[in-house]
2 protein chains.
Amino acid sequence: MPNFDTLPTPCLLLDEARMTRNVDRLSDRARELGVTLRPHLKTCKNVEVAHRLTESPNPPVTVSTLAEAEVFADAGFTDILYAVGIAPQKLAQVLDIRSRGCDLMVILDSTAQAEAVVAAGGGIPVLIEIDSDGHRGGLVPDDPALVPIARILHDGGIPLRGVMTHAGESYGASGRDAQAEFAETERAAVVQAAERLRAAGLPCPIVSVGSTPTTHAARDLTDVTEMRAGVYVFFDLVMAGIGVCDPDDIAISVLTTVIGQKPERGWTIVDAGWMAMSRDRGTAAQAVDQGYGLVCNEAGEILPDLILSSANQEHGIISVREGSGAAMPDLPPGTRLRILPNHACATAAQHDRYHVIPADGGPEMPVWKRFSGW
Amino acid sequence: MPNFDTLPTPCLLLDEARMTRNVDRLSDRARELGVTLRPHLKTCKNVEVAHRLTESPNPPVTVSTLAEAEVFADAGFTDILYAVGIAPQKLAQVLDIRSRGCDLMVILDSTAQAEAVVAAGGGIPVLIEIDSDGHRGGLVPDDPALVPIARILHDGGIPLRGVMTHAGESYGASGRDAQAEFAETERAAVVQAAERLRAAGLPCPIVSVGSTPTTHAARDLTDVTEMRAGVYVFFDLVMAGIGVCDPDDIAISVLTTVIGQKPERGWTIVDAGWMAMSRDRGTAAQAVDQGYGLVCNEAGEILPDLILSSANQEHGIISVREGSGAAMPDLPPGTRLRILPNHACATAAQHDRYHVIPADGGPEMPVWKRFSGW
């Protein structure tokens with residue numbers, strides 16, 4: 001196993017103790033709210049992390065690609081929701097994964113998709129996607145097409161499993177009250193849709209909501225059966241920026257090495273560019289713009305005035321946050337730093353492995369492989 | 001080999017005929033300008049593409065990571081410039097790659113780095129990085145530290161191979177005249193630095209310049225020995241936006257499938273989100289903002305009024321370009337489209353393979369593997 005002092009840079013660090021704290025926090029919330037937690041594995045894309053998300057060895061999970069479904073089905077997960085609208089061309093692969101003993105469910109919001117699922121045969125179970133906040137896909141809860149689509153499925157021999165929604169707009173809601181409102185928006189939308197289905201004599205066992213902000217802020221999830229979230233496992237600066245977590249909760253960071261200095265410009269140049277951080281600028285629209293990331297020293301202590309202000313492919317430029325009045329410390333070539341990411345999903349996706357900082361403080365750092373692709 | 005009709009989406013397409021046209025164009029330019037072309041392989045990260053960039057089976061090349069140096073050294077390339085400032089910790093790996101018969105060169109711009117290269121032993125050859133436009137690293141041509149740093153290297157037994165620069169600011173220069181000015185800025189800076197080294201009795205065999213805009217616009221490269229460029233092999237919307245190429249020259253695109261429609265919002269939802277396109281918004285600051293990409297039909301014909309206006313991880317939202325007055329065509333679930341990328345390096349990096357549309361028009365599509373990491 002690699003040793004911290006000899007890790008090649010840039011590389012992705014995962015702080016096991018912080019991750020465990022984050023995981024426990026949302027598990028506790030699910031228990032308090034009386035719903036099942038169905039974690040979204042698109043953030044971690046890793047089997048070791050997936051096995052630590054609940055107390056169950058085989059919890060219900062969510063995925064964003066069929067590649068994720070394949071990997072996690074092979075790893076023994078048997079209750080998987082593929083939470084991106086199904087394309088007709090992907091149904092053969094869904095059937096193949098299901099044939100290996102995995103209860104893979106799909107989502108849809110149109111007659112064309114419902115007819116395709118019926119035509120595919122094999123009884124692929126379906127949740128109908130509900131649009132609670134205008135963020136992207138889904139039927140609004142009172143859409144006249146809801147019951148007819150459900151009936152196409154039901155009459156076509158498809159197990160109608162229920163309804164789901166995701167308030168993507170909650171990522172722009174700052175503070176717990178605003179996020180709790182989005183949680184209630186999600187709840188109200190799916191509960192209304194579920195009631196319409198049941199009133200039409202159709203089954204609706206699953207009523208599913210979730211996003212990282214709404215699951216942490218929800219005050220009441222009456223009539224909801226499960227909640228989903230992904231980024232909570234690591235958290236990131238976007239979530240810190242809207243108050244869902246503190247920067248000290250962020251469990252992943254990019255370890256980087258100084259490769260140059262431009263004192264006359266106030267720059268320290270590092271080997272973490274956008275290839276290591278991603279191009280995600282999710283904090284650009286927030287109250288505090290963190291550039292491409294917030295700088296920490298090698299030990300992980302935040303240097304609050306330093307941000308990765310710009311990024312080329314393999315170059316990052318660290319500068320002092322505008323208006324802070326701080327001076328750039330002398331960080332000569334070879335100095336190592338850590339950068340906290342704007343968006344955990346995007347930054348982690350730039351890497352093929354996690355170098356795990358073990359919770360027990362031991363010197364050996366396990367390597368957990370990530371996968372990618374579709 | 002996969003067939004176009006059954007490719008899983010999203011996936012990365014590479015139009016071989018367009019790539020060959022782009023490659024020939026810059027090769028012709030290098031010949032006209034009387035300089036060697038040292039292609040930058042950070043864009044393609046693929047051996048098949050690398051072997052098609054010049055007529056030579058083993059041309060001089062540029063890389064942005066030691067992972068690239070490893071792969072291309074193993075593939076038989078023996079003249080490699082690692083064009084990111086060297087971190088002292090990476091010198092052992094540089095020596096290891098060199099020990100396998102590859103003449104790997106590094107760049108630096110500080111006394112600390114020069115001393116580290118000398119201390120590493122083994123005679124790692126060095127180019128000194130020159131700052132021609134204030135973009136990131138490098139010494140300005142008249143920096144008093146230039147000759148002393150060169151002397152540390154030379155006196156320490158290090159082969160001083162010369163000077164290099166990259167006018168990264170040229171990506172913001174619209175039109176050939178403005179780009180030609182940046183080309184002259186690059187030329188003037190490295191030639192001045194080379195003259196200072198030679199006047200001090202120091203060797204400077206290589207005088208290296210380059211970026212995709214400047215190599216295509218340069219009018220005269222007197223006293224320059226070589227030019228570097230990377231994105232030219234594929235081109236992208238950022239390059240089209242500043243007039244270096246036409247959108248029809250762009251050789252890579254993301255094949256995607258429609259997964260939903262929101263006619264009331266004018267949206268078509270596809271399975272190419274930022275995971276497939278990257279978060280790069282390089283056209284946001286240009287005269288024409290292409291969102292996350294410009295939409296083409298399945299055959300690759302541009303639909304000029306449609307852009308990928310927003311992106312989630314695995315969802316892309318296509319809408320009509322603001323102000324175009326066009327209507328969203330009916331693109332039902334299952335319809336396939338192609339998206340041209342803002343930034344070829346960033347979009348290609350989200351994929352582990354190219355599905356090649358062969359220049360001979362044959363039905364079989366070779367798969368060329370990309371690599372990633374550091």
# chains A, B, ... in the order shown; residues from 1 in each chain; ligands from 1
call {"tool": "closest_atom_pairs", "arguments": {"of": "chain A", "to": "chain B", "cutoff": "9 Å", "atoms": "only C-alpha atoms", "output": "CSV"}}
result
residue,atom,partner,partner_atom,distance
A:Thr6,CA,B:Gln89,CA,8.4
A:Pro8,CA,B:Trp374,CA,7.7
A:Thr9,CA,B:Trp374,CA,7.3
A:Pro10,CA,B:Trp374,CA,7.0
A:Cys11,CA,B:Trp374,CA,7.9
A:Lys42,CA,B:Gln313,CA,8.6
A:Ser64,CA,B:Glu314,CA,6.6
A:Thr65,CA,B:Glu314,CA,7.6
A:Val84,CA,B:Glu314,CA,7.3
A:Gly85,CA,B:Ile259,CA,5.4
A:Ile86,CA,B:Ile259,CA,6.0
A:Ala87,CA,B:Ile259,CA,5.2
A:Pro88,CA,B:Gly334,CA,5.7
A:Gln89,CA,B:Gly334,CA,6.7
A:Lys90,CA,B:Pro8,CA,7.9
A:Leu108,CA,B:Gly260,CA,8.0
A:Asp109,CA,B:Gly260,CA,7.2
A:Ser110,CA,B:Gly260,CA,7.3
A:Ala112,CA,B:Pro333,CA,6.9
A:Gln113,CA,B:Pro333,CA,6.9
A:Arg136,CA,B:Ile317,CA,7.5
A:Gly137,CA,B:Gly260,CA,6.6
A:Gly138,CA,B:Gly260,CA,8.3
A:Leu139,CA,B:Lys262,CA,9.0
A:Thr257,CA,B:Ala87,CA,6.9
A:Val258,CA,B:Ala87,CA,6.9
A:Ile259,CA,B:Ala87,CA,5.2
A:Gly260,CA,B:Gly137,CA,6.6
A:Gln261,CA,B:Gly137,CA,7.4
A:Lys262,CA,B:Gly137,CA,7.1
A:Trp267,CA,B:Arg136,CA,8.6
A:Ile269,CA,B:Gly137,CA,7.3
A:Val270,CA,B:Gly85,CA,8.9
A:Asp271,CA,B:Val84,CA,8.0
A:Trp274,CA,B:Ala346,CA,8.5
A:Met275,CA,B:Ala346,CA,7.6
A:Ala276,CA,B:Gly373,CA,8.6
A:Ser278,CA,B:Arg279,CA,7.0
A:Arg279,CA,B:Arg279,CA,4.9
A:Asp280,CA,B:Arg279,CA,5.4
A:Arg281,CA,B:Arg279,CA,8.1
A:Gln313,CA,B:Ala346,CA,8.1
A:Glu314,CA,B:Ser64,CA,6.6
A:His315,CA,B:Val84,CA,7.5
A:Gly316,CA,B:Arg136,CA,8.9
A:Ile317,CA,B:Arg136,CA,7.6
A:Pro332,CA,B:Ala112,CA,7.7
A:Pro333,CA,B:Ala87,CA,6.2
A:Gly334,CA,B:Ala87,CA,5.6
A:Thr335,CA,B:Ala87,CA,8.9
A:Cys345,CA,B:Gln313,CA,8.1
A:Ala346,CA,B:Met275,CA,7.6
A:Ala349,CA,B:Met275,CA,8.0
A:Gln350,CA,B:Gln350,CA,7.7
A:His351,CA,B:Gly373,CA,6.5
A:Asp352,CA,B:Gly373,CA,7.0
A:Ser372,CA,B:His351,CA,8.2
A:Gly373,CA,B:His351,CA,6.5
A:Trp374,CA,B:Pro10,CA,7.0
call {"tool": "residues_around", "arguments": {"residues": "region 121-132 of chain A", "least_positions_apart": "4", "cutoff": "6 Å", "atoms": "only C-alpha atoms", "output": "PDB file with C-alpha atoms, in the first residue's frame"}}
result
ATOM      1  CA  MET A 105     -35.922  -0.763 -11.799  1.00  0.00           C
ATOM      2  CA  VAL A 106     -36.155   1.989 -14.421  1.00  0.00           C
ATOM      3  CA  ILE A 107     -37.880   5.374 -14.534  1.00  0.00           C
ATOM      4  CA  LEU A 108     -39.839   7.087 -17.301  1.00  0.00           C
ATOM      5  CA  ASP A 109     -42.248   9.947 -17.940  1.00  0.00           C
ATOM      6  CA  GLY A 138     -40.795  14.137 -15.032  1.00  0.00           C
ATOM      7  CA  LEU A 139     -44.521  14.673 -15.121  1.00  0.00           C
ATOM      8  CA  VAL A 140     -45.997  17.344 -12.895  1.00  0.00           C
ATOM      9  CA  ILE A 158     -45.240  -4.265 -15.997  1.00  0.00           C
ATOM     10  CA  PRO A 159     -44.802  -4.072 -12.214  1.00  0.00           C
ATOM     11  CA  LEU A 160     -45.708  -0.482 -11.437  1.00  0.00           C
ATOM     12  CA  ARG A 161     -43.525   0.188  -8.432  1.00  0.00           C
ATOM     13  CA  GLY A 162     -44.474   3.775  -7.776  1.00  0.00           C
ATOM     14  CA  VAL A 163     -43.215   7.323  -8.199  1.00  0.00           C
ATOM     15  CA  MET A 164     -39.997   9.242  -7.613  1.00  0.00           C
ATOM     16  CA  THR A 165     -38.783  12.846  -7.746  1.00  0.00           C
ATOM     17  CA  GLU A 186     -40.699  16.936  -3.209  1.00  0.00           C
ATOM     18  CA  ALA A 189     -45.472  16.221  -5.416  1.00  0.00           C
TER      19      ALA A 189
END
call {"tool": "atom_distance", "arguments": {"atom1": "CA of Asp103 (chain B)", "atom2": "CA of Gly76 (chain B)"}}
result
11.1 Å
call {"tool": "residues_around", "arguments": {"residues": "Leu294 (chain B)", "least_positions_apart": "3", "cutoff": "9 Å", "atoms": "only C-alpha atoms", "output": "list in words"}}
result
Leu237, Gln290, Gly291, Ile302, Leu303, Pro304, Asp305, Leu306, Ile307, Leu308, Arg338, Ile339, Leu340, Pro341 and Asn342 of chain B
call {"tool": "write_last_selection", "arguments": {"atoms": "N, CA and C atoms", "output": "PDB file, in the first residue's frame"}}
result
ATOM      1  N   LEU B 237     -15.366  23.711 -30.357  1.00  0.00           N
ATOM      2  CA  LEU B 237     -16.160  24.930 -30.527  1.00  0.00           C
ATOM      3  C   LEU B 237     -15.402  26.179 -30.064  1.00  0.00           C
ATOM      4  N   GLN B 290     -22.103  28.457 -26.777  1.00  0.00           N
ATOM      5  CA  GLN B 290     -22.662  27.196 -27.271  1.00  0.00           C
ATOM      6  C   GLN B 290     -23.175  26.307 -26.138  1.00  0.00           C
ATOM      7  N   GLY B 291     -23.338  26.871 -24.945  1.00  0.00           N
ATOM      8  CA  GLY B 291     -23.792  26.052 -23.821  1.00  0.00           C
ATOM      9  C   GLY B 291     -22.758  24.972 -23.537  1.00  0.00           C
ATOM     10  N   ILE B 302     -24.946  19.656 -38.555  1.00  0.00           N
ATOM     11  CA  ILE B 302     -25.209  20.613 -37.477  1.00  0.00           C
ATOM     12  C   ILE B 302     -26.644  21.123 -37.539  1.00  0.00           C
ATOM     13  N   LEU B 303     -27.313  21.141 -36.376  1.00  0.00           N
ATOM     14  CA  LEU B 303     -28.638  21.757 -36.220  1.00  0.00           C
ATOM     15  C   LEU B 303     -28.353  23.098 -35.541  1.00  0.00           C
ATOM     16  N   PRO B 304     -28.125  24.158 -36.319  1.00  0.00           N
ATOM     17  CA  PRO B 304     -27.458  25.355 -35.784  1.00  0.00           C
ATOM     18  C   PRO B 304     -28.224  26.075 -34.686  1.00  0.00           C
ATOM     19  N   ASP B 305     -29.508  25.845 -34.561  1.00  0.00           N
ATOM     20  CA  ASP B 305     -30.276  26.544 -33.532  1.00  0.00           C
ATOM     21  C   ASP B 305     -30.369  25.772 -32.224  1.00  0.00           C
ATOM     22  N   LEU B 306     -29.829  24.565 -32.171  1.00  0.00           N
ATOM     23  CA  LEU B 306     -29.971  23.739 -30.967  1.00  0.00           C
ATOM     24  C   LEU B 306     -28.643  23.615 -30.230  1.00  0.00           C
ATOM     25  N   ILE B 307     -28.681  23.909 -28.941  1.00  0.00           N
ATOM     26  CA  ILE B 307     -27.494  23.718 -28.103  1.00  0.00           C
ATOM     27  C   ILE B 307     -27.857  22.914 -26.858  1.00  0.00           C
ATOM     28  N   LEU B 308     -26.831  22.311 -26.278  1.00  0.00           N
ATOM     29  CA  LEU B 308     -27.005  21.635 -24.987  1.00  0.00           C
ATOM     30  C   LEU B 308     -26.924  22.743 -23.932  1.00  0.00           C
ATOM     31  N   ARG B 338     -25.816  13.963 -32.119  1.00  0.00           N
ATOM     32  CA  ARG B 338     -24.410  14.131 -31.749  1.00  0.00           C
ATOM     33  C   ARG B 338     -24.228  15.540 -31.186  1.00  0.00           C
ATOM     34  N   ILE B 339     -23.309  15.667 -30.236  1.00  0.00           N
ATOM     35  CA  ILE B 339     -23.019  16.975 -29.643  1.00  0.00           C
ATOM     36  C   ILE B 339     -21.548  17.306 -29.886  1.00  0.00           C
ATOM     37  N   LEU B 340     -21.286  18.453 -30.508  1.00  0.00           N
ATOM     38  CA  LEU B 340     -19.906  18.924 -30.686  1.00  0.00           C
ATOM     39  C   LEU B 340     -19.455  19.594 -29.393  1.00  0.00           C
ATOM     40  N   PRO B 341     -18.221  19.334 -28.955  1.00  0.00           N
ATOM     41  CA  PRO B 341     -17.764  19.819 -27.639  1.00  0.00           C
ATOM     42  C   PRO B 341     -17.182  21.225 -27.668  1.00  0.00           C
ATOM     43  N   ASN B 342     -17.295  21.898 -26.528  1.00  0.00           N
ATOM     44  CA  ASN B 342     -16.589  23.160 -26.339  1.00  0.00           C
ATOM     45  C   ASN B 342     -15.083  22.962 -26.407  1.00  0.00           C
TER      46      ASN B 342
END
call {"tool": "atom_distance", "arguments": {"atom1": "CA of Thr256 (chain B)", "atom2": "CA of Glu298 (chain B)"}}
result
8.6 Å
call {"tool": "select_by_dssp", "arguments": {"residues": "region 92-211 of chain B", "states": "alpha helix (DSSP H)", "output": "PDB file with C-alpha atoms, in the first residue's frame"}}
result
ATOM      1  CA  ALA B  92      12.921   9.694  -9.914  1.00  0.00           C
ATOM      2  CA  GLN B  93      10.177   8.677 -12.302  1.00  0.00           C
ATOM      3  CA  VAL B  94      11.689  10.832 -15.050  1.00  0.00           C
ATOM      4  CA  LEU B  95      14.991   9.018 -14.576  1.00  0.00           C
ATOM      5  CA  ASP B  96      13.225   5.682 -14.707  1.00  0.00           C
ATOM      6  CA  ILE B  97      11.521   6.515 -18.008  1.00  0.00           C
ATOM      7  CA  ARG B  98      14.814   7.797 -19.411  1.00  0.00           C
ATOM      8  CA  SER B  99      16.540   4.581 -18.378  1.00  0.00           C
ATOM      9  CA  THR B 111      16.534  28.003  -8.961  1.00  0.00           C
ATOM     10  CA  ALA B 112      14.956  25.464  -6.612  1.00  0.00           C
ATOM     11  CA  GLN B 113      13.897  23.257  -9.509  1.00  0.00           C
ATOM     12  CA  ALA B 114      17.271  23.613 -11.263  1.00  0.00           C
ATOM     13  CA  GLU B 115      19.095  22.567  -8.114  1.00  0.00           C
ATOM     14  CA  ALA B 116      16.747  19.600  -7.703  1.00  0.00           C
ATOM     15  CA  VAL B 117      17.422  18.435 -11.271  1.00  0.00           C
ATOM     16  CA  VAL B 118      21.168  18.692 -10.708  1.00  0.00           C
ATOM     17  CA  ALA B 119      20.870  16.862  -7.399  1.00  0.00           C
ATOM     18  CA  ALA B 120      18.826  14.070  -9.004  1.00  0.00           C
ATOM     19  CA  LEU B 146      17.408  33.339 -16.540  1.00  0.00           C
ATOM     20  CA  VAL B 147      21.149  33.050 -17.021  1.00  0.00           C
ATOM     21  CA  PRO B 148      21.930  32.095 -13.406  1.00  0.00           C
ATOM     22  CA  ILE B 149      19.381  29.274 -13.544  1.00  0.00           C
ATOM     23  CA  ALA B 150      20.785  28.105 -16.862  1.00  0.00           C
ATOM     24  CA  ARG B 151      24.269  28.211 -15.419  1.00  0.00           C
ATOM     25  CA  ILE B 152      23.264  26.089 -12.397  1.00  0.00           C
ATOM     26  CA  LEU B 153      22.052  23.488 -14.867  1.00  0.00           C
ATOM     27  CA  HIS B 154      24.985  23.701 -17.272  1.00  0.00           C
ATOM     28  CA  ASP B 155      27.611  23.720 -14.546  1.00  0.00           C
ATOM     29  CA  ARG B 176      -6.153  35.497 -37.453  1.00  0.00           C
ATOM     30  CA  ASP B 177      -4.508  38.896 -37.010  1.00  0.00           C
ATOM     31  CA  ALA B 178      -4.832  38.830 -33.230  1.00  0.00           C
ATOM     32  CA  GLN B 179      -3.577  35.249 -33.138  1.00  0.00           C
ATOM     33  CA  ALA B 180      -0.633  36.130 -35.398  1.00  0.00           C
ATOM     34  CA  GLU B 181       0.302  38.828 -32.906  1.00  0.00           C
ATOM     35  CA  PHE B 182       0.398  36.239 -30.134  1.00  0.00           C
ATOM     36  CA  ALA B 183       2.527  34.018 -32.384  1.00  0.00           C
ATOM     37  CA  GLU B 184       4.986  36.871 -32.763  1.00  0.00           C
ATOM     38  CA  THR B 185       4.856  37.461 -28.989  1.00  0.00           C
ATOM     39  CA  GLU B 186       5.806  33.827 -28.434  1.00  0.00           C
ATOM     40  CA  ARG B 187       8.557  33.991 -31.036  1.00  0.00           C
ATOM     41  CA  ALA B 188      10.036  37.236 -29.775  1.00  0.00           C
ATOM     42  CA  ALA B 189      10.068  36.020 -26.172  1.00  0.00           C
ATOM     43  CA  VAL B 190      11.872  32.734 -26.729  1.00  0.00           C
ATOM     44  CA  VAL B 191      14.261  34.151 -29.310  1.00  0.00           C
ATOM     45  CA  GLN B 192      15.257  36.910 -26.870  1.00  0.00           C
ATOM     46  CA  ALA B 193      15.771  34.345 -24.098  1.00  0.00           C
ATOM     47  CA  ALA B 194      17.792  32.096 -26.431  1.00  0.00           C
ATOM     48  CA  GLU B 195      20.006  35.013 -27.430  1.00  0.00           C
ATOM     49  CA  ARG B 196      20.668  35.858 -23.793  1.00  0.00           C
ATOM     50  CA  LEU B 197      21.682  32.264 -23.070  1.00  0.00           C
ATOM     51  CA  ARG B 198      23.946  32.100 -26.105  1.00  0.00           C
ATOM     52  CA  ALA B 199      25.482  35.481 -25.281  1.00  0.00           C
TER      53      ALA B 199
END
call {"tool": "closest_residue", "arguments": {"among": "B:Gly156, B:Pro2, B:Pro263, B:Gly361", "to": "Ile318 (chain B)", "atoms": "only C-alpha atoms"}}
result
B:Pro263
call {"tool": "closest_residue", "arguments": {"among": "B:Ala200, B:Ala217, B:Ala285, B:Ala67", "to": "Gly172 (chain B)", "atoms": "only C-alpha atoms"}}
result
B:Ala285
call {"tool": "closest_residue", "arguments": {"among": "B:Glu169, B:Asp74, B:Asp143, B:Asp223", "to": "Gly34 (chain B)", "atoms": "only C-alpha atoms"}}
result
B:Asp223
call {"tool": "closest_atom_pairs", "arguments": {"of": "region 200-249 of chain B", "to": "region 54-63 of chain B", "cutoff": "12 Å", "atoms": "only C-alpha atoms", "output": "JSON lines"}}
result
{"residue": "B:Ile206", "atom": "CA", "partner": "B:Pro60", "partner_atom": "CA", "distance": 11.9}
{"residue": "B:Ser208", "atom": "CA", "partner": "B:Thr62", "partner_atom": "CA", "distance": 11.0}
{"residue": "B:Val209", "atom": "CA", "partner": "B:Thr62", "partner_atom": "CA", "distance": 11.6}
{"residue": "B:Gly210", "atom": "CA", "partner": "B:Thr62", "partner_atom": "CA", "distance": 10.9}
{"residue": "B:Ser211", "atom": "CA", "partner": "B:Thr62", "partner_atom": "CA", "distance": 11.7}
{"residue": "B:Glu226", "atom": "CA", "partner": "B:Pro60", "partner_atom": "CA", "distance": 9.6}
{"residue": "B:Met227", "atom": "CA", "partner": "B:Thr62", "partner_atom": "CA", "distance": 10.2}
{"residue": "B:Arg228", "atom": "CA", "partner": "B:Thr62", "partner_atom": "CA", "distance": 7.3}
{"residue": "B:Ala229", "atom": "CA", "partner": "B:Thr62", "partner_atom": "CA", "distance": 8.6}
{"residue": "B:Gly230", "atom": "CA", "partner": "B:Thr62", "partner_atom": "CA", "distance": 8.6}
{"residue": "B:Val233", "atom": "CA", "partner": "B:Thr54", "partner_atom": "CA", "distance": 11.1}
call {"tool": "write_last_selection", "arguments": {"atoms": "N, CA and C atoms", "output": "PDB file, in the first residue's frame"}}
result
ATOM      1  N   ILE B 206      17.255  24.141 -28.752  1.00  0.00           N
ATOM      2  CA  ILE B 206      15.808  24.112 -29.020  1.00  0.00           C
ATOM      3  C   ILE B 206      15.185  25.444 -28.642  1.00  0.00           C
ATOM      4  N   SER B 208      11.356  26.674 -28.694  1.00  0.00           N
ATOM      5  CA  SER B 208      10.072  26.006 -28.907  1.00  0.00           C
ATOM      6  C   SER B 208       8.911  26.929 -28.554  1.00  0.00           C
ATOM      7  N   VAL B 209       7.921  26.991 -29.436  1.00  0.00           N
ATOM      8  CA  VAL B 209       6.733  27.829 -29.209  1.00  0.00           C
ATOM      9  C   VAL B 209       5.490  26.996 -29.463  1.00  0.00           C
ATOM     10  N   GLY B 210       4.345  27.564 -29.104  1.00  0.00           N
ATOM     11  CA  GLY B 210       3.161  26.950 -29.625  1.00  0.00           C
ATOM     12  C   GLY B 210       1.916  26.875 -28.800  1.00  0.00           C
ATOM     13  N   SER B 211       0.832  26.942 -29.528  1.00  0.00           N
ATOM     14  CA  SER B 211      -0.529  26.719 -29.069  1.00  0.00           C
ATOM     15  C   SER B 211      -1.310  26.488 -30.354  1.00  0.00           C
ATOM     16  N   GLU B 226      11.023  24.779 -33.301  1.00  0.00           N
ATOM     17  CA  GLU B 226       9.907  23.829 -33.285  1.00  0.00           C
ATOM     18  C   GLU B 226       8.643  24.497 -32.761  1.00  0.00           C
ATOM     19  N   MET B 227       7.490  23.913 -33.145  1.00  0.00           N
ATOM     20  CA  MET B 227       6.223  24.414 -32.613  1.00  0.00           C
ATOM     21  C   MET B 227       5.393  23.244 -32.093  1.00  0.00           C
ATOM     22  N   ARG B 228       4.592  23.582 -31.056  1.00  0.00           N
ATOM     23  CA  ARG B 228       3.785  22.572 -30.382  1.00  0.00           C
ATOM     24  C   ARG B 228       2.309  22.969 -30.457  1.00  0.00           C
ATOM     25  N   ALA B 229       1.436  21.977 -30.559  1.00  0.00           N
ATOM     26  CA  ALA B 229      -0.014  22.217 -30.493  1.00  0.00           C
ATOM     27  C   ALA B 229      -0.674  20.890 -30.177  1.00  0.00           C
ATOM     28  N   GLY B 230      -1.852  20.937 -29.566  1.00  0.00           N
ATOM     29  CA  GLY B 230      -2.534  19.711 -29.180  1.00  0.00           C
ATOM     30  C   GLY B 230      -3.950  19.607 -29.702  1.00  0.00           C
ATOM     31  N   VAL B 233      -5.690  18.580 -33.454  1.00  0.00           N
ATOM     32  CA  VAL B 233      -5.954  17.272 -34.053  1.00  0.00           C
ATOM     33  C   VAL B 233      -7.459  16.996 -34.133  1.00  0.00           C
TER      34      VAL B 233
END
call {"tool": "residues_around", "arguments": {"residues": "Trp368 (chain B)", "least_positions_apart": "3", "cutoff": "7 Å", "atoms": "only C-alpha atoms", "output": "PyMOL selection string"}}
result
chain B and resi 48+353-355
call {"tool": "atom_distance", "arguments": {"atom1": "CA of Gly300 (chain A)", "atom2": "CA of His343 (chain A)"}}
result
17.6 Å
call {"tool": "closest_residue", "arguments": {"among": "A:Cys204, A:Pro213, A:Gly323, A:Leu81", "to": "Gly243 (chain A)", "atoms": "only C-alpha atoms"}}
result
A:Pro213
call {"tool": "decode", "arguments": {"residues": "region 328-340 of chain B", "atoms": "N, CA and C atoms", "output": "short mmCIF file (atom, residue, chain, number, x, y, z; two decimals), in the first residue's frame"}}
result
data_model
loop_
_atom_site.label_atom_id
_atom_site.label_comp_id
_atom_site.auth_asym_id
_atom_site.auth_seq_id
_atom_site.Cartn_x
_atom_site.Cartn_y
_atom_site.Cartn_z
N MET B 328 -38.38 24.06 -31.23
CA MET B 328 -37.79 22.75 -30.95
C MET B 328 -38.46 21.70 -31.82
N PRO B 329 -37.69 20.98 -32.62
CA PRO B 329 -38.31 19.90 -33.39
C PRO B 329 -38.76 18.77 -32.46
N ASP B 330 -39.66 17.93 -32.94
CA ASP B 330 -40.10 16.78 -32.14
C ASP B 330 -39.04 15.68 -32.22
N LEU B 331 -38.37 15.47 -31.11
CA LEU B 331 -37.29 14.47 -31.04
C LEU B 331 -37.67 13.47 -29.95
N PRO B 332 -38.45 12.45 -30.29
CA PRO B 332 -38.99 11.54 -29.26
C PRO B 332 -37.90 10.68 -28.62
N PRO B 333 -38.19 10.11 -27.44
CA PRO B 333 -37.23 9.22 -26.78
C PRO B 333 -36.75 8.14 -27.75
N GLY B 334 -35.43 7.93 -27.72
CA GLY B 334 -34.83 6.97 -28.65
C GLY B 334 -34.11 7.63 -29.81
N THR B 335 -34.48 8.89 -30.12
CA THR B 335 -33.79 9.62 -31.19
C THR B 335 -32.32 9.79 -30.81
N ARG B 336 -31.43 9.58 -31.78
CA ARG B 336 -30.00 9.78 -31.49
C ARG B 336 -29.50 11.08 -32.13
N LEU B 337 -28.59 11.75 -31.42
CA LEU B 337 -28.03 13.02 -31.86
C LEU B 337 -26.53 12.99 -31.56
N ARG B 338 -25.82 13.96 -32.12
CA ARG B 338 -24.41 14.13 -31.75
C ARG B 338 -24.23 15.54 -31.19
N ILE B 339 -23.31 15.67 -30.24
CA ILE B 339 -23.02 16.98 -29.64
C ILE B 339 -21.55 17.31 -29.89
N LEU B 340 -21.29 18.45 -30.51
CA LEU B 340 -19.91 18.92 -30.69
C LEU B 340 -19.45 19.59 -29.39
#
